[in-house]
Amino acid sequence: MASKRAVVTGASSGIGAATVRLLRSHGWDVVGVARRADRLEALAAETGADVFVADVTKQADVDALRDHLAALGPIHSLVNNAGGAYGLASVEDSDPDDWSRMFDVNVIGTKRVTTALLPLLRAAIVPGSRASILMITSIAGHIAYEGGGGYTVAKHGVHVMTETLRLELVDEPVRITLVAPGMV
């Protein structure tokens with residue numbers, strides 16, 4: 001059986017890096033994607049994963065990622081993990097720019113990557129197989145907490161995007177999974 005390929009965004013640390021390690025340990029070809037080249041290079045040296053430096057908040061970077069992946073061959077799984085939290089102020093006192101940054105990376109970045117890579121995922125589907133999109137959000141997308149207004153709003157946005165994508169792709173062999181970890 002040919003190796004399967006996964007793309008993991010936010011791969012330079014935390015859950016993203018752990019996901020790259022796990023998939024590689026199970027024989028997957030993996031392309032780790034993140035902004036921090038030095039961390040990606042260290043992860044590549046450790047795991048043998050391919051890496052691609054990109055910022056999911058920049059459409060040109062996402063387009064370059066799509067083109068790079070198209071040249072590599074089929075992709076079977078996308079792990080949308082890139083995200084971030086900025087600021088711990090109350091809703092009243094928080095900086096709207098922090099909210100914009102969180103929405104851009106968590107929601108719009110996830111949308112950009114999903115839109116760009118969905119055609120590549122579909123192209124890899126052969127009879128009897130399917131592709132997978134894994135959305136990593138946070139329990140904050142389900143349960144609010146003080147000082148986390150912007151983050152909870154952004155993570156709830158990804159949660160609802162996932163549910164909407166499931167409805168839109170219901171007749172296609174593309175599995176959409178939501179994972180909402182707690183504190184890690």
# chains A, B, ... in the order shown; residues from 1 in each chain; ligands from 1
$ residues_around --residues "Val174 of chain A" --least-positions-apart "6" --cutoff "7 Å" --atoms "only C-alpha atoms" --output "PyMOL selection string"
chain A and resi 130-132
$ select_by_dssp --residues "segment 62-181 of chain A" --states "helix (DSSP H, G or I)" --output "PyMOL selection string"
chain A and resi 62-72+96-123+139-141+149-168
$ closest_atom_pairs --of "segment 21-50 of chain A" --to "segment 7-14 of chain A" --cutoff "6 Å" --atoms "only C-alpha atoms" --output "CSV"
residue,atom,partner,partner_atom,distance
A:Val30,CA,A:Val7,CA,5.8
A:Val31,CA,A:Val7,CA,4.8
A:Gly32,CA,A:Val8,CA,5.0
A:Val33,CA,A:Thr9,CA,4.6
A:Ala34,CA,A:Gly10,CA,4.9
A:Arg39,CA,A:Ser12,CA,5.3
A:Leu40,CA,A:Ser12,CA,5.3
$ write_last_selection --atoms "N, CA and C atoms" --output "tab-separated table (two decimals), in the first residue's frame"
chain	number	residue	atom	x	y	z
A	30	VAL	N	4.21	13.28	5.99
A	30	VAL	CA	3.60	14.45	6.61
A	30	VAL	C	4.29	15.71	6.11
A	31	VAL	N	3.48	16.72	5.83
A	31	VAL	CA	3.99	18.06	5.54
A	31	VAL	C	3.53	18.94	6.70
A	32	GLY	N	4.50	19.38	7.51
A	32	GLY	CA	4.22	20.28	8.61
A	32	GLY	C	4.29	21.72	8.12
A	33	VAL	N	3.30	22.51	8.50
A	33	VAL	CA	3.20	23.88	8.03
A	33	VAL	C	3.13	24.82	9.23
A	34	ALA	N	3.93	25.87	9.20
A	34	ALA	CA	3.89	26.89	10.26
A	34	ALA	C	4.70	28.09	9.81
A	39	ARG	N	11.80	26.17	13.98
A	39	ARG	CA	11.12	25.07	14.67
A	39	ARG	C	10.70	23.97	13.70
A	40	LEU	N	10.26	24.37	12.51
A	40	LEU	CA	9.90	23.37	11.50
A	40	LEU	C	11.12	22.56	11.08
$ residues_around --residues "segment 138-149 of chain A" --least-positions-apart "5" --cutoff "6 Å" --atoms "only C-alpha atoms" --output "ChimeraX atom specification"
/A:88-91,155-156,180-182
$ select_by_dssp --residues "segment 12-152 of chain A" --states "strand (DSSP E or B)" --output "compact mmCIF listing (two decimals) with N, CA and C atoms, in the first residue's frame"
# COMPACT_ATOMS: atom_id res chain seq x y z
N ASP A 29 3.39 9.98 5.40
CA ASP A 29 4.17 11.11 4.92
C ASP A 29 3.46 12.34 5.47
N VAL A 30 4.21 13.28 5.99
CA VAL A 30 3.60 14.45 6.61
C VAL A 30 4.29 15.71 6.11
N VAL A 31 3.48 16.72 5.83
CA VAL A 31 3.99 18.06 5.54
C VAL A 31 3.53 18.94 6.70
N GLY A 32 4.50 19.38 7.51
CA GLY A 32 4.22 20.28 8.61
C GLY A 32 4.29 21.72 8.12
N VAL A 33 3.30 22.51 8.50
CA VAL A 33 3.20 23.88 8.03
C VAL A 33 3.13 24.82 9.23
N ALA A 34 3.93 25.87 9.20
CA ALA A 34 3.89 26.89 10.26
C ALA A 34 4.70 28.09 9.81
N ASP A 50 8.31 16.37 5.89
CA ASP A 50 8.55 17.53 5.03
C ASP A 50 7.95 18.73 5.74
N VAL A 51 8.47 19.90 5.45
CA VAL A 51 7.93 21.10 6.07
C VAL A 51 7.76 22.20 5.02
N PHE A 52 6.87 23.13 5.34
CA PHE A 52 6.62 24.26 4.46
C PHE A 52 6.32 25.47 5.34
N VAL A 53 7.07 26.53 5.15
CA VAL A 53 6.87 27.74 5.94
C VAL A 53 5.76 28.57 5.30
N SER A 77 -5.18 13.69 4.09
CA SER A 77 -5.70 14.23 5.34
C SER A 77 -5.17 15.64 5.57
N LEU A 78 -6.04 16.49 6.08
CA LEU A 78 -5.67 17.85 6.47
C LEU A 78 -5.99 18.01 7.94
N VAL A 79 -4.99 18.43 8.71
CA VAL A 79 -5.18 18.73 10.12
C VAL A 79 -5.06 20.25 10.27
N ASN A 80 -6.20 20.91 10.43
CA ASN A 80 -6.24 22.36 10.62
C ASN A 80 -6.02 22.64 12.10
N ALA A 131 -11.15 10.97 2.12
CA ALA A 131 -10.20 11.95 2.66
C ALA A 131 -10.71 12.39 4.03
N SER A 132 -9.83 13.04 4.79
CA SER A 132 -10.19 13.50 6.13
C SER A 132 -9.74 14.93 6.35
N ILE A 133 -10.60 15.68 7.00
CA ILE A 133 -10.25 17.01 7.49
C ILE A 133 -10.49 17.00 8.99
N LEU A 134 -9.44 17.27 9.73
CA LEU A 134 -9.51 17.30 11.19
C LEU A 134 -9.37 18.75 11.63
N MET A 135 -10.37 19.26 12.31
CA MET A 135 -10.36 20.63 12.81
C MET A 135 -10.01 20.59 14.30
N ILE A 136 -8.87 21.17 14.65
CA ILE A 136 -8.47 21.26 16.06
C ILE A 136 -8.94 22.63 16.55
$ closest_residue --among "A:Ala49, A:Val107, A:Ala42, A:Leu121" --to "Asn81 of chain A" --atoms "only C-alpha atoms"
A:Val107
$ residues_around --residues "segment 21-25 of chain A" --least-positions-apart "3" --cutoff "9 Å" --atoms "only C-alpha atoms" --output "PyMOL selection string"
chain A and resi 6+16-18+28-30+43+46-49
$ residues_around --residues "segment 61-64 of chain A" --least-positions-apart "2" --cutoff "12 Å" --atoms "only C-alpha atoms" --output "list in words"
Thr9, Val33, Ala34, Arg35, Phe52, Val53, Ala54, Asp55, Val56, Thr57, Lys58, Gln59, Arg66, Asp67, His68, Leu69, Ala70, Ala71, Ile108, Gly109, Thr110, Lys111, Arg112, Val113, Thr114, Thr115, Ala116 and Leu117 of chain A
$ atom_distance --atom1 "atom CA of His76 of chain A" --atom2 "atom CA of Lys4 of chain A"
6.1 Å
$ atom_distance --atom1 "atom CA of Met102 of chain A" --atom2 "atom CA of Val170 of chain A"
28.7 Å
$ closest_residue --among "A:Leu169, A:Val105, A:Ala124, A:Leu65" --to "Gly84 of chain A" --atoms "only C-alpha atoms"
A:Val105
$ closest_residue --among "A:Ile75, A:Leu118, A:Ala60, A:Ile125" --to "Pro173 of chain A" --atoms "only C-alpha atoms"
A:Ile125
$ atom_distance --atom1 "atom CA of Thr137 of chain A" --atom2 "atom CA of Arg166 of chain A"
15.5 Å
$ residues_around --residues "Ala123 of chain A" --least-positions-apart "3" --cutoff "8 Å" --atoms "only C-alpha atoms" --output "compact mmCIF listing (two decimals) with C-alpha atoms, in the first residue's frame"
# COMPACT_ATOMS: atom_id res chain seq x y z
CA PRO A 74 -1.94 13.24 -3.37
CA PRO A 119 -9.63 20.06 -4.29
CA LEU A 120 -6.35 18.22 -3.58
